[in-house]
Amino acid sequence: DLEIAVKVVIVGNGAVGKSSMIQRYCKGIFTKDYKKTIGVDFLEKQLNINEDDVRLMLWDTAGQEEFDSLTKSYYRGAQACVLVFSTTDRDSFEAVEKWKSKIEEEVGPNIPIALVQNKIDLLDNAVVEQNEAEGLAKRLKLRFYRTSVKEDLNVEEVFKYLALKHIEK
Ligand code: GDP
Ligand code: MG
């Protein structure tokens, strides 16, 4: 068996749910007023894919998602990326393409990226149409997921996809 470690970076505008997603996936918790960074560079999650042990290291942005303020060390060696926007934040959706360019510029063009629309529990307050989001994903050629970190919907699928993508390379 192999033991494979994968550095995964989570990017996207502030308040879309990045830190919550990492907490949810690695610790199984969701707190409504979770604001602070996780205090360490990353949290880990172990999973098993086709007999291989994969250790995902999920890096949080430490609240510095002002564009361009993420440090080089945040991106360095990244092997997969989750690009998150929020159902209830139009700006975060409009920033997706910029984030994609940024990550590809920092890491290289072949990094697997999953595009994630979070907070789908708030669909009643949606400011992004379903077909717009799907259209963007298609145009940018990104695998697209809708998640609710709050209700634990689809979060595991995102990371499973990236782990699989990594192994297939
Ligand atoms: P970050 O700045 O991208 O790291 O965002 P946070 O993880 O700090 O989350 C910002 C706020 O959105 C917090 O109040 C979270 O509790 C909330 N939040 C995160 N995910 C969800 C979700 O799926 N649904 C709802 N309703 N709130 C969420
Ligand atoms: Mg955060």
# chains A, B, ... in the order shown; residues from 1 in each chain; ligands from 1
$ residues_around --residues "Lys150 in chain A" --least-positions-apart "6" --cutoff "8 Å" --atoms "only C-alpha atoms" --output "MDAnalysis selection string"
chainID A and resid 30 119 121
$ residues_near_ligand --ligand "ligand 2" --cutoff "6 Å" --atoms "only C-alpha atoms and all ligand atoms" --output "short mmCIF file (atom, residue, chain, number, x, y, z; two decimals) with all heavy atoms, in the first residue's frame"
data_model
loop_
_atom_site.label_atom_id
_atom_site.label_comp_id
_atom_site.auth_asym_id
_atom_site.auth_seq_id
_atom_site.Cartn_x
_atom_site.Cartn_y
_atom_site.Cartn_z
N LYS A 18 -14.98 28.69 4.14
CA LYS A 18 -13.77 27.87 3.96
C LYS A 18 -13.31 27.22 5.27
O LYS A 18 -13.08 26.02 5.33
CB LYS A 18 -12.62 28.72 3.38
CG LYS A 18 -12.96 29.35 2.04
CD LYS A 18 -11.79 30.15 1.49
CE LYS A 18 -11.38 31.31 2.39
NZ LYS A 18 -12.43 32.34 2.57
N SER A 19 -13.16 28.05 6.31
CA SER A 19 -12.71 27.50 7.59
C SER A 19 -13.72 26.49 8.14
O SER A 19 -13.35 25.44 8.66
CB SER A 19 -12.50 28.62 8.61
OG SER A 19 -11.53 29.54 8.16
N THR A 37 -9.11 31.70 12.73
CA THR A 37 -8.42 30.71 11.93
C THR A 37 -8.19 29.49 12.80
O THR A 37 -8.36 29.54 14.02
CB THR A 37 -7.06 31.25 11.48
OG1 THR A 37 -6.29 31.52 12.64
CG2 THR A 37 -7.23 32.50 10.67
N ALA A 62 -6.13 31.56 6.90
CA ALA A 62 -5.83 32.44 8.03
C ALA A 62 -6.50 33.80 7.89
O ALA A 62 -5.99 34.81 8.37
CB ALA A 62 -4.32 32.61 8.19
N GLY A 63 -7.66 33.84 7.25
CA GLY A 63 -8.42 35.08 7.17
C GLY A 63 -7.81 36.16 6.31
O GLY A 63 -8.20 37.31 6.37
#
$ select_by_dssp --residues "range 13-139 of chain A" --states "strand (DSSP E or B)" --output "list in words"
Phe42, Leu43, Glu44, Lys45, Gln46, Leu47, Asn48, Ile49, Asp52, Asp53, Val54, Arg55, Leu56, Met57, Leu58, Trp59, Ala80, Cys81, Val82, Leu83, Val84, Phe85, Ser86, Ile113, Ala114, Leu115, Val116, Gln117 and Asn118 of chain A
$ residues_around --residues "Arg90 in chain A" --least-positions-apart "6" --cutoff "12 Å" --atoms "only C-alpha atoms" --output "ChimeraX atom specification"
/A:13,16,96,117,125-129,132-133
$ closest_atom_pairs --of "chain A" --to "ligand 1" --cutoff "9 Å" --atoms "only C-alpha atoms and all ligand atoms" --output "CSV"
residue,atom,partner,partner_atom_place_in_ligand_line,distance
A:Ile10,CA,ligand 1,3 (O),8.7
A:Val11,CA,ligand 1,3 (O),7.9
A:Gly12,CA,ligand 1,3 (O),6.8
A:Asn13,CA,ligand 1,3 (O),6.3
A:Gly14,CA,ligand 1,2 (O),3.9
A:Ala15,CA,ligand 1,2 (O),3.3
A:Val16,CA,ligand 1,3 (O),4.0
A:Gly17,CA,ligand 1,5 (O),3.4
A:Lys18,CA,ligand 1,3 (O),3.7
A:Ser19,CA,ligand 1,4 (O),3.7
A:Ser20,CA,ligand 1,7 (O),3.6
A:Met21,CA,ligand 1,7 (O),6.4
A:Ile22,CA,ligand 1,7 (O),8.0
A:Gln23,CA,ligand 1,7 (O),8.2
A:Phe30,CA,ligand 1,16 (O),6.9
A:Thr31,CA,ligand 1,16 (O),5.6
A:Lys32,CA,ligand 1,16 (O),3.6
A:Asp33,CA,ligand 1,14 (O),4.7
A:Tyr34,CA,ligand 1,8 (O),5.5
A:Lys35,CA,ligand 1,8 (O),4.5
A:Lys36,CA,ligand 1,8 (O),7.0
A:Thr37,CA,ligand 1,4 (O),7.5
A:Asp60,CA,ligand 1,4 (O),7.5
A:Thr61,CA,ligand 1,4 (O),7.4
A:Ala62,CA,ligand 1,4 (O),7.9
A:Gly63,CA,ligand 1,2 (O),6.1
A:Gln64,CA,ligand 1,2 (O),8.7
A:Glu65,CA,ligand 1,2 (O),7.8
A:Val84,CA,ligand 1,3 (O),7.8
A:Phe85,CA,ligand 1,3 (O),8.4
A:Ser86,CA,ligand 1,21 (C),8.4
A:Thr87,CA,ligand 1,24 (N),8.9
A:Asn118,CA,ligand 1,23 (O),5.3
A:Lys119,CA,ligand 1,23 (O),3.5
A:Ile120,CA,ligand 1,23 (O),6.3
A:Asp121,CA,ligand 1,24 (N),5.7
A:Leu122,CA,ligand 1,26 (N),5.8
A:Thr147,CA,ligand 1,23 (O),6.4
A:Ser148,CA,ligand 1,23 (O),3.5
A:Val149,CA,ligand 1,23 (O),3.7
A:Lys150,CA,ligand 1,23 (O),4.1
A:Glu151,CA,ligand 1,23 (O),6.5
A:Asp152,CA,ligand 1,23 (O),7.6
A:Leu153,CA,ligand 1,23 (O),8.2
$ residues_around --residues "Glu97 in chain A" --least-positions-apart "5" --cutoff "12 Å" --atoms "only C-alpha atoms" --output "ChimeraX atom specification"
/A:11-13,83-85,91-92,102-104,113,115,133,136-137,139-142
$ select_by_dssp --residues "chain A" --states "helix (DSSP H, G or I)" --output "VMD selection string"
chain A and resid 18 to 27 72 to 75 90 to 94 96 to 107 120 to 125 130 to 140 155 to 168
$ decode --residues "range 16-27 of chain A" --atoms "all heavy atoms" --output "compact mmCIF listing (two decimals), in the first residue's frame"
# COMPACT_ATOMS: atom_id res chain seq x y z
N VAL A 16 -17.18 32.82 2.98
CA VAL A 16 -17.94 31.86 2.17
C VAL A 16 -18.06 30.49 2.84
O VAL A 16 -18.86 29.65 2.42
CB VAL A 16 -17.34 31.71 0.76
CG1 VAL A 16 -17.41 33.02 -0.01
CG2 VAL A 16 -15.92 31.17 0.80
N GLY A 17 -17.24 30.28 3.88
CA GLY A 17 -17.33 29.02 4.62
C GLY A 17 -16.10 28.13 4.52
O GLY A 17 -16.18 26.93 4.83
N LYS A 18 -14.98 28.69 4.14
CA LYS A 18 -13.77 27.87 3.96
C LYS A 18 -13.31 27.22 5.27
O LYS A 18 -13.08 26.02 5.33
CB LYS A 18 -12.62 28.72 3.38
CG LYS A 18 -12.96 29.35 2.04
CD LYS A 18 -11.79 30.15 1.49
CE LYS A 18 -11.38 31.31 2.39
NZ LYS A 18 -12.43 32.34 2.57
N SER A 19 -13.16 28.05 6.31
CA SER A 19 -12.71 27.50 7.59
C SER A 19 -13.72 26.49 8.14
O SER A 19 -13.35 25.44 8.66
CB SER A 19 -12.50 28.62 8.61
OG SER A 19 -11.53 29.54 8.16
N SER A 20 -14.99 26.83 7.99
CA SER A 20 -16.05 25.92 8.45
C SER A 20 -15.98 24.59 7.73
O SER A 20 -16.21 23.53 8.33
CB SER A 20 -17.43 26.54 8.20
OG SER A 20 -17.55 27.78 8.84
N MET A 21 -15.66 24.63 6.45
CA MET A 21 -15.59 23.41 5.66
C MET A 21 -14.45 22.50 6.14
O MET A 21 -14.61 21.28 6.26
CB MET A 21 -15.40 23.76 4.18
CG MET A 21 -15.45 22.58 3.25
SD MET A 21 -15.41 23.05 1.50
CE MET A 21 -16.97 23.90 1.35
N ILE A 22 -13.33 23.12 6.44
CA ILE A 22 -12.19 22.35 6.94
C ILE A 22 -12.51 21.73 8.30
O ILE A 22 -12.24 20.55 8.55
CB ILE A 22 -10.94 23.26 7.02
CG1 ILE A 22 -10.51 23.69 5.62
CG2 ILE A 22 -9.80 22.54 7.74
CD1 ILE A 22 -9.46 24.79 5.59
N GLN A 23 -13.11 22.54 9.16
CA GLN A 23 -13.53 22.04 10.48
C GLN A 23 -14.52 20.88 10.36
O GLN A 23 -14.41 19.88 11.05
CB GLN A 23 -14.24 23.16 11.27
CG GLN A 23 -13.38 24.33 11.62
CD GLN A 23 -12.50 24.03 12.81
OE1 GLN A 23 -12.94 23.43 13.78
NE2 GLN A 23 -11.26 24.45 12.73
N ARG A 24 -15.48 21.08 9.49
CA ARG A 24 -16.52 20.07 9.29
C ARG A 24 -15.90 18.76 8.79
O ARG A 24 -16.18 17.69 9.32
CB ARG A 24 -17.54 20.60 8.27
CG ARG A 24 -18.44 19.57 7.66
CD ARG A 24 -19.36 18.92 8.65
NE ARG A 24 -20.55 19.70 8.93
CZ ARG A 24 -21.36 19.44 9.96
NH1 ARG A 24 -21.07 18.47 10.81
NH2 ARG A 24 -22.43 20.16 10.17
N TYR A 25 -15.05 18.88 7.83
CA TYR A 25 -14.51 17.68 7.20
C TYR A 25 -13.51 16.97 8.11
O TYR A 25 -13.50 15.74 8.19
CB TYR A 25 -13.86 18.04 5.86
CG TYR A 25 -13.37 16.84 5.09
CD1 TYR A 25 -14.27 15.84 4.70
CD2 TYR A 25 -12.04 16.70 4.74
CE1 TYR A 25 -13.83 14.74 4.00
CE2 TYR A 25 -11.60 15.59 4.03
CZ TYR A 25 -12.51 14.62 3.67
OH TYR A 25 -12.07 13.52 2.98
N CYS A 26 -12.68 17.73 8.80
CA CYS A 26 -11.62 17.11 9.60
C CYS A 26 -12.07 16.78 11.02
O CYS A 26 -11.56 15.84 11.62
CB CYS A 26 -10.40 18.01 9.65
SG CYS A 26 -9.63 18.25 8.04
N LYS A 27 -12.99 17.56 11.56
CA LYS A 27 -13.38 17.37 12.96
C LYS A 27 -14.84 17.02 13.15
O LYS A 27 -15.27 16.70 14.26
CB LYS A 27 -13.09 18.65 13.75
CG LYS A 27 -11.61 18.99 13.86
CD LYS A 27 -11.45 20.24 14.72
CE LYS A 27 -10.01 20.54 15.06
NZ LYS A 27 -9.92 21.86 15.74
